[in-house]
Amino acid sequence: MKVEKTLSLLVAAALLFGAPSFAAAGTAVPEQIYDPGPLKPVDSRLKVAVGDPAPDFTLPSISGPRVTLSDYRQKKNVVISFVPAAWTPVCSDQWPGYNITQDLFQARDALLLGISVDNIPTLHAWVQEMGRLWFPVLSDFWPHGAAADRFGVLRSDGTAERAIVIVDKQGVIRYIQVSDINVRPKLEEIIRALDRIAADSP
Amino acid sequence: MNRHALIFFLALLLAPLGLQGAQSPPMVGEPFPDIRLAIPENPDHRAYLGLSGEGPVPLRAIDAEVLLIEIFNMYCPHCQREAPAVNRFFQRIQQDPALNRRVKLIGIGVGNSPFEVDHFRKVYQVPFPLFPDPDYQIHKALGEVRTPYFIGVRIRKNGAARVFYSQLGGSQSAQKLLDQMLQNAGLDAKGAAK
């Protein structure tokens with residue numbers, strides 16, 4: 001009985017001293033997050049389809065250089081992750097999650113581009129707060145949402161859908177997933193899509 | 001109405017009760033919610049938890065006096081940062097003969113698919129069993145706690161499972177914490193009273 005009591009104390013103490021050294025949550029920056037509540041799952045109509053050439057874009061990145069999609073032709077498969085807005089709940093734990101998936105993308109000769117319609121200062125602050133991200137974060141702020149709109153993933157309120165578009169090395173769209181904006185897309189669906197591209201490659 | 005139809009009807013009627021979400025995190029002193037876990041495929045994990053046969057099983061089926069549960073999420077950067085410390089914490093328990101048969105540790109990946117949980121396990125080489133909760137059913141039963149979240153559950157021989165610890169996590173040095181814990185508990189590294 002005494003041992004049980006000690007054991008209980010031991011475990012409780014371990015957990016007690018493991019108590020927060022910072023406010024933790026599923027999202028990277030819970031206190032700063034603006035939660036708009038449940039939103040209309042999808043609020044746009046796609047303008048592209050699998051098999052279409054991907055609309056090209058050149059967007060500024062938070063790290064400085066402008067990024068052009070077509071520059072990756074013949075070099076890399078590109079996974080484009082559109083997210084609705086900085087400082088919102090699901091987005092703030094989607095991209096940090098990709099921080100531990102770099103090897104999965106690299107093994108499939110793919111890179112990731114994160115795109116939001118927020119401006120560069122906002123994206124800079126948001127990413128700083130989330131921690132470092134290994135992939136380029138691009139601003140589709142001006143002309144507002146123009147890149148998202150060319151894919152047909154710009155919502156009526158000016159935010160983007162939560163969407164994944166995969167473009168192969170020929171610049172052809174091979175996968176489109178417009179998720180329910182309130183739900184994070186499953187990682188395995190992206191990886192399976194990349195595997196299918198690899199299987200189809202000569 | 002025949003007997004089978006009646007049972008089916010009652011089951012339909014009562015089913016939502018089992019899925020009801022909690023309004024708050026598990027409270028110390030309260031019974032732990034009746035969640036069910038799939039039996040791990042990994043034979044080492046089955047042996048560790050003392051589980052066999054087919055799942056899902058209630059928590060009380062786990063062979064432990066004290067069960068520590070980490071509620072995590074593959075996408076949560078705090079959970080990522082903390083993973084090595086939690087691993088070390090597990091190793092310390094395993095290396096202590098006074099604790100390793102009585103205290104068990106599991107993780108539940110809320111909102112994570114089996115693929116995502118497995119990826120988290122591979123990246124951080126997590127040695128203890130991790131369970132996916134892809135549709136947030138367990139998460140809802142636990143009051144939709146933020147992550148990482150730690151829950152300590154005492155499992156009695158009669159199967160009663162009661163919460164003795166419930167806390168939002170965030171520590172980055174389990175080693176240091178364990179040493180501090182041992183000191184505070186008046187125990188040395190082998191779990192023996194000083």
# chains A, B, ... in the order shown; residues from 1 in each chain; ligands from 1

$ residues_around --residues "Ser113 of chain B" --least-positions-apart "5" --cutoff "9 Å" --atoms "only C-alpha atoms" --output "list in words"
Lys186, Leu187 and Glu188 of chain A; Asp118, Pro132, Asp133, Pro134 and Asp135 of chain B

$ residues_around --residues "Gly158 of chain A" --least-positions-apart "3" --cutoff "8 Å" --atoms "only C-alpha atoms" --output "PyMOL selection string"
chain A and resi 117+144-145+154-155

$ write_last_selection --atoms "C-alpha atoms" --output "compact mmCIF listing (two decimals), in the first residue's frame"
# COMPACT_ATOMS: atom_id res chain seq x y z
CA VAL A 117 -3.81 35.50 -49.35
CA HIS A 144 -5.66 39.95 -54.03
CA GLY A 145 -5.98 36.16 -54.30
CA LEU A 154 -10.71 31.86 -53.85
CA ARG A 155 -13.70 32.10 -51.52

$ closest_residue --among "B:Asn100, B:Gln94, B:Asn42, B:Asn73" --to "chain A" --atoms "only C-alpha atoms"
B:Asn73

$ closest_residue --among "B:Phe128, B:Tyr149, B:Tyr48, B:Phe164" --to "Phe89 of chain B" --atoms "only C-alpha atoms"
B:Phe128

$ residues_around --residues "Val126 of chain B" --least-positions-apart "2" --cutoff "9 Å" --atoms "only C-alpha atoms" --output "PyMOL selection string"
chain B and resi 83-84+86-87+120-124+128-130

$ residues_around --residues "segment 49-59 of chain A" --least-positions-apart "2" --cutoff "6 Å" --atoms "only C-alpha atoms" --output "VMD selection string"
chain A and resid 66 to 69 138 171 to 175

$ atom_distance --atom1 "atom CA of Pro89 of chain A" --atom2 "atom CA of Leu37 of chain B"
27.5 Å

$ atom_distance --atom1 "atom CA of Pro121 of chain A" --atom2 "atom CA of Pro96 of chain A"
18.6 Å

$ closest_residue --among "A:Asp93, A:Val79, A:Asp103, A:Pro60" --to "Arg146 of chain B" --atoms "only C-alpha atoms"
A:Asp93

$ residues_around --residues "Phe131 of chain B" --least-positions-apart "2" --cutoff "8 Å" --atoms "only C-alpha atoms" --output "MDAnalysis selection string"
chainID B and resid 37:38 40 106:109 114 117 129 133

$ write_last_selection --atoms "C-alpha atoms" --output "PDB file, in the first residue's frame"
ATOM      1  CA  LEU B  37      -8.569   1.330 -27.767  1.00  0.00           C
ATOM      2  CA  ALA B  38      -7.634  -0.901 -30.659  1.00  0.00           C
ATOM      3  CA  PRO B  40      -1.821  -2.762 -31.208  1.00  0.00           C
ATOM      4  CA  ILE B 106       0.584   5.335 -24.070  1.00  0.00           C
ATOM      5  CA  GLY B 107      -0.064   8.143 -26.542  1.00  0.00           C
ATOM      6  CA  ILE B 108      -3.282   8.993 -28.343  1.00  0.00           C
ATOM      7  CA  GLY B 109      -2.980  11.001 -31.551  1.00  0.00           C
ATOM      8  CA  PRO B 114      -3.039   5.685 -38.447  1.00  0.00           C
ATOM      9  CA  VAL B 117       0.466   8.518 -35.973  1.00  0.00           C
ATOM     10  CA  PRO B 129       2.330   2.407 -27.982  1.00  0.00           C
ATOM     11  CA  ASP B 133      -8.047   8.889 -32.943  1.00  0.00           C
TER      12      ASP B 133
END

$ closest_residue --among "B:Phe115, B:Gln23, B:Val110, B:Ile35" --to "Glu189 of chain A" --atoms "only C-alpha atoms"
B:Phe115

$ residues_around --residues "Asn182 of chain A" --least-positions-apart "5" --cutoff "9 Å" --atoms "only C-alpha atoms" --output "list in words"
Gly37, Pro38, Leu39, Lys40, Pro41, Pro89, Val90 and Arg162 of chain A

$ write_last_selection --atoms "N, CA and C atoms" --output "PDB file, in the first residue's frame"
ATOM      1  N   GLY A  37     -15.040  30.247 -35.907  1.00  0.00           N
ATOM      2  CA  GLY A  37     -16.100  29.240 -35.761  1.00  0.00           C
ATOM      3  C   GLY A  37     -16.257  28.459 -37.054  1.00  0.00           C
ATOM      4  N   PRO A  38     -17.207  27.540 -37.078  1.00  0.00           N
ATOM      5  CA  PRO A  38     -17.389  26.721 -38.285  1.00  0.00           C
ATOM      6  C   PRO A  38     -17.764  27.577 -39.493  1.00  0.00           C
ATOM      7  N   LEU A  39     -17.129  27.287 -40.612  1.00  0.00           N
ATOM      8  CA  LEU A  39     -17.375  28.052 -41.838  1.00  0.00           C
ATOM      9  C   LEU A  39     -17.989  27.146 -42.901  1.00  0.00           C
ATOM     10  N   LYS A  40     -18.574  27.770 -43.888  1.00  0.00           N
ATOM     11  CA  LYS A  40     -19.113  27.007 -45.028  1.00  0.00           C
ATOM     12  C   LYS A  40     -17.984  26.145 -45.586  1.00  0.00           C
ATOM     13  N   PRO A  41     -18.188  24.842 -45.675  1.00  0.00           N
ATOM     14  CA  PRO A  41     -17.055  23.951 -46.003  1.00  0.00           C
ATOM     15  C   PRO A  41     -16.282  24.346 -47.268  1.00  0.00           C
ATOM     16  N   PRO A  89      -7.466  28.798 -36.816  1.00  0.00           N
ATOM     17  CA  PRO A  89      -7.183  27.551 -36.087  1.00  0.00           C
ATOM     18  C   PRO A  89      -6.549  26.417 -36.905  1.00  0.00           C
ATOM     19  N   VAL A  90      -7.197  25.946 -37.926  1.00  0.00           N
ATOM     20  CA  VAL A  90      -6.690  24.743 -38.597  1.00  0.00           C
ATOM     21  C   VAL A  90      -5.377  25.033 -39.325  1.00  0.00           C
ATOM     22  N   ARG A 162      -9.051  25.659 -48.248  1.00  0.00           N
ATOM     23  CA  ARG A 162      -7.990  24.769 -47.777  1.00  0.00           C
ATOM     24  C   ARG A 162      -7.828  23.703 -48.859  1.00  0.00           C
TER      25      ARG A 162
END

$ residues_around --residues "Val103 of chain B" --least-positions-apart "6" --cutoff "6 Å" --atoms "only C-alpha atoms" --output "VMD selection string"
chain B and resid 64 66 to 67

$ closest_residue --among "A:Arg108, A:Arg132, A:Arg150, A:Arg73" --to "chain B" --atoms "only C-alpha atoms"
A:Arg132

$ select_by_dssp --residues "segment 21-104 of chain A" --states "helix (DSSP H, G or I)" --output "MDAnalysis selection string"
chainID A and resid 30:32 69:72 91:94 96:100 102:104

$ decode --residues "segment 113-177 of chain B" --atoms "C-alpha atoms" --output "short mmCIF file (atom, residue, chain, number, x, y, z; two decimals), in the first residue's frame"
data_model
loop_
_atom_site.label_atom_id
_atom_site.label_comp_id
_atom_site.auth_asym_id
_atom_site.auth_seq_id
_atom_site.Cartn_x
_atom_site.Cartn_y
_atom_site.Cartn_z
CA SER B 113 -4.98 8.93 -38.98
CA PRO B 114 -3.04 5.68 -38.45
CA PHE B 115 -0.61 6.90 -41.16
CA GLU B 116 -0.02 10.20 -39.35
CA VAL B 117 0.47 8.52 -35.97
CA ASP B 118 2.86 6.04 -37.55
CA HIS B 119 4.81 8.86 -39.17
CA PHE B 120 5.11 10.63 -35.81
CA ARG B 121 6.31 7.36 -34.26
CA LYS B 122 8.95 6.87 -36.97
CA VAL B 123 10.23 10.45 -36.89
CA TYR B 124 10.69 10.49 -33.10
CA GLN B 125 11.31 6.74 -32.70
CA VAL B 126 8.61 6.60 -30.06
CA PRO B 127 9.07 3.33 -28.18
CA PHE B 128 5.71 3.18 -26.39
CA PRO B 129 2.33 2.41 -27.98
CA LEU B 130 0.55 5.17 -29.88
CA PHE B 131 -3.09 5.02 -30.87
CA PRO B 132 -4.82 7.02 -33.61
CA ASP B 133 -8.05 8.89 -32.94
CA PRO B 134 -8.83 9.96 -36.51
CA ASP B 135 -12.39 11.12 -35.98
CA TYR B 136 -11.77 12.81 -32.61
CA GLN B 137 -14.05 10.39 -30.74
CA ILE B 138 -11.62 9.95 -27.85
CA HIS B 139 -10.73 13.63 -28.00
CA LYS B 140 -14.39 14.55 -27.55
CA ALA B 141 -14.75 12.11 -24.64
CA LEU B 142 -11.79 13.85 -23.00
CA GLY B 143 -13.29 17.31 -23.27
CA GLU B 144 -11.35 18.27 -26.42
CA VAL B 145 -8.20 19.04 -24.46
CA ARG B 146 -5.38 21.00 -26.09
CA THR B 147 -2.19 19.14 -26.85
CA PRO B 148 0.10 17.87 -25.51
CA TYR B 149 -2.03 16.90 -22.55
CA PHE B 150 -1.11 14.42 -19.84
CA ILE B 151 -3.53 12.30 -17.91
CA GLY B 152 -2.65 9.91 -15.11
CA VAL B 153 -5.11 7.12 -14.45
CA ARG B 154 -5.09 4.69 -11.53
CA ILE B 155 -6.52 1.32 -12.55
CA ARG B 156 -7.83 -0.73 -9.62
CA LYS B 157 -7.98 -4.50 -9.57
CA ASN B 158 -11.76 -4.30 -9.80
CA GLY B 159 -11.37 -2.47 -13.11
CA ALA B 160 -12.22 1.00 -11.82
CA ALA B 161 -10.13 3.64 -13.59
CA ARG B 162 -9.83 6.97 -11.81
CA VAL B 163 -8.01 10.12 -12.87
CA PHE B 164 -5.28 11.24 -10.47
CA TYR B 165 -3.59 13.75 -12.76
CA SER B 166 -4.85 15.92 -15.61
CA GLN B 167 -2.64 18.65 -16.97
CA LEU B 168 -1.77 20.51 -20.13
CA GLY B 169 1.82 19.63 -20.99
CA GLY B 170 4.77 21.52 -22.25
CA SER B 171 7.94 20.46 -20.49
CA GLN B 172 11.06 20.11 -22.58
CA SER B 173 13.29 18.27 -20.12
CA ALA B 174 11.77 15.06 -18.84
CA GLN B 175 15.18 13.96 -17.56
CA LYS B 176 15.47 16.97 -15.30
CA LEU B 177 11.85 16.66 -14.26
#
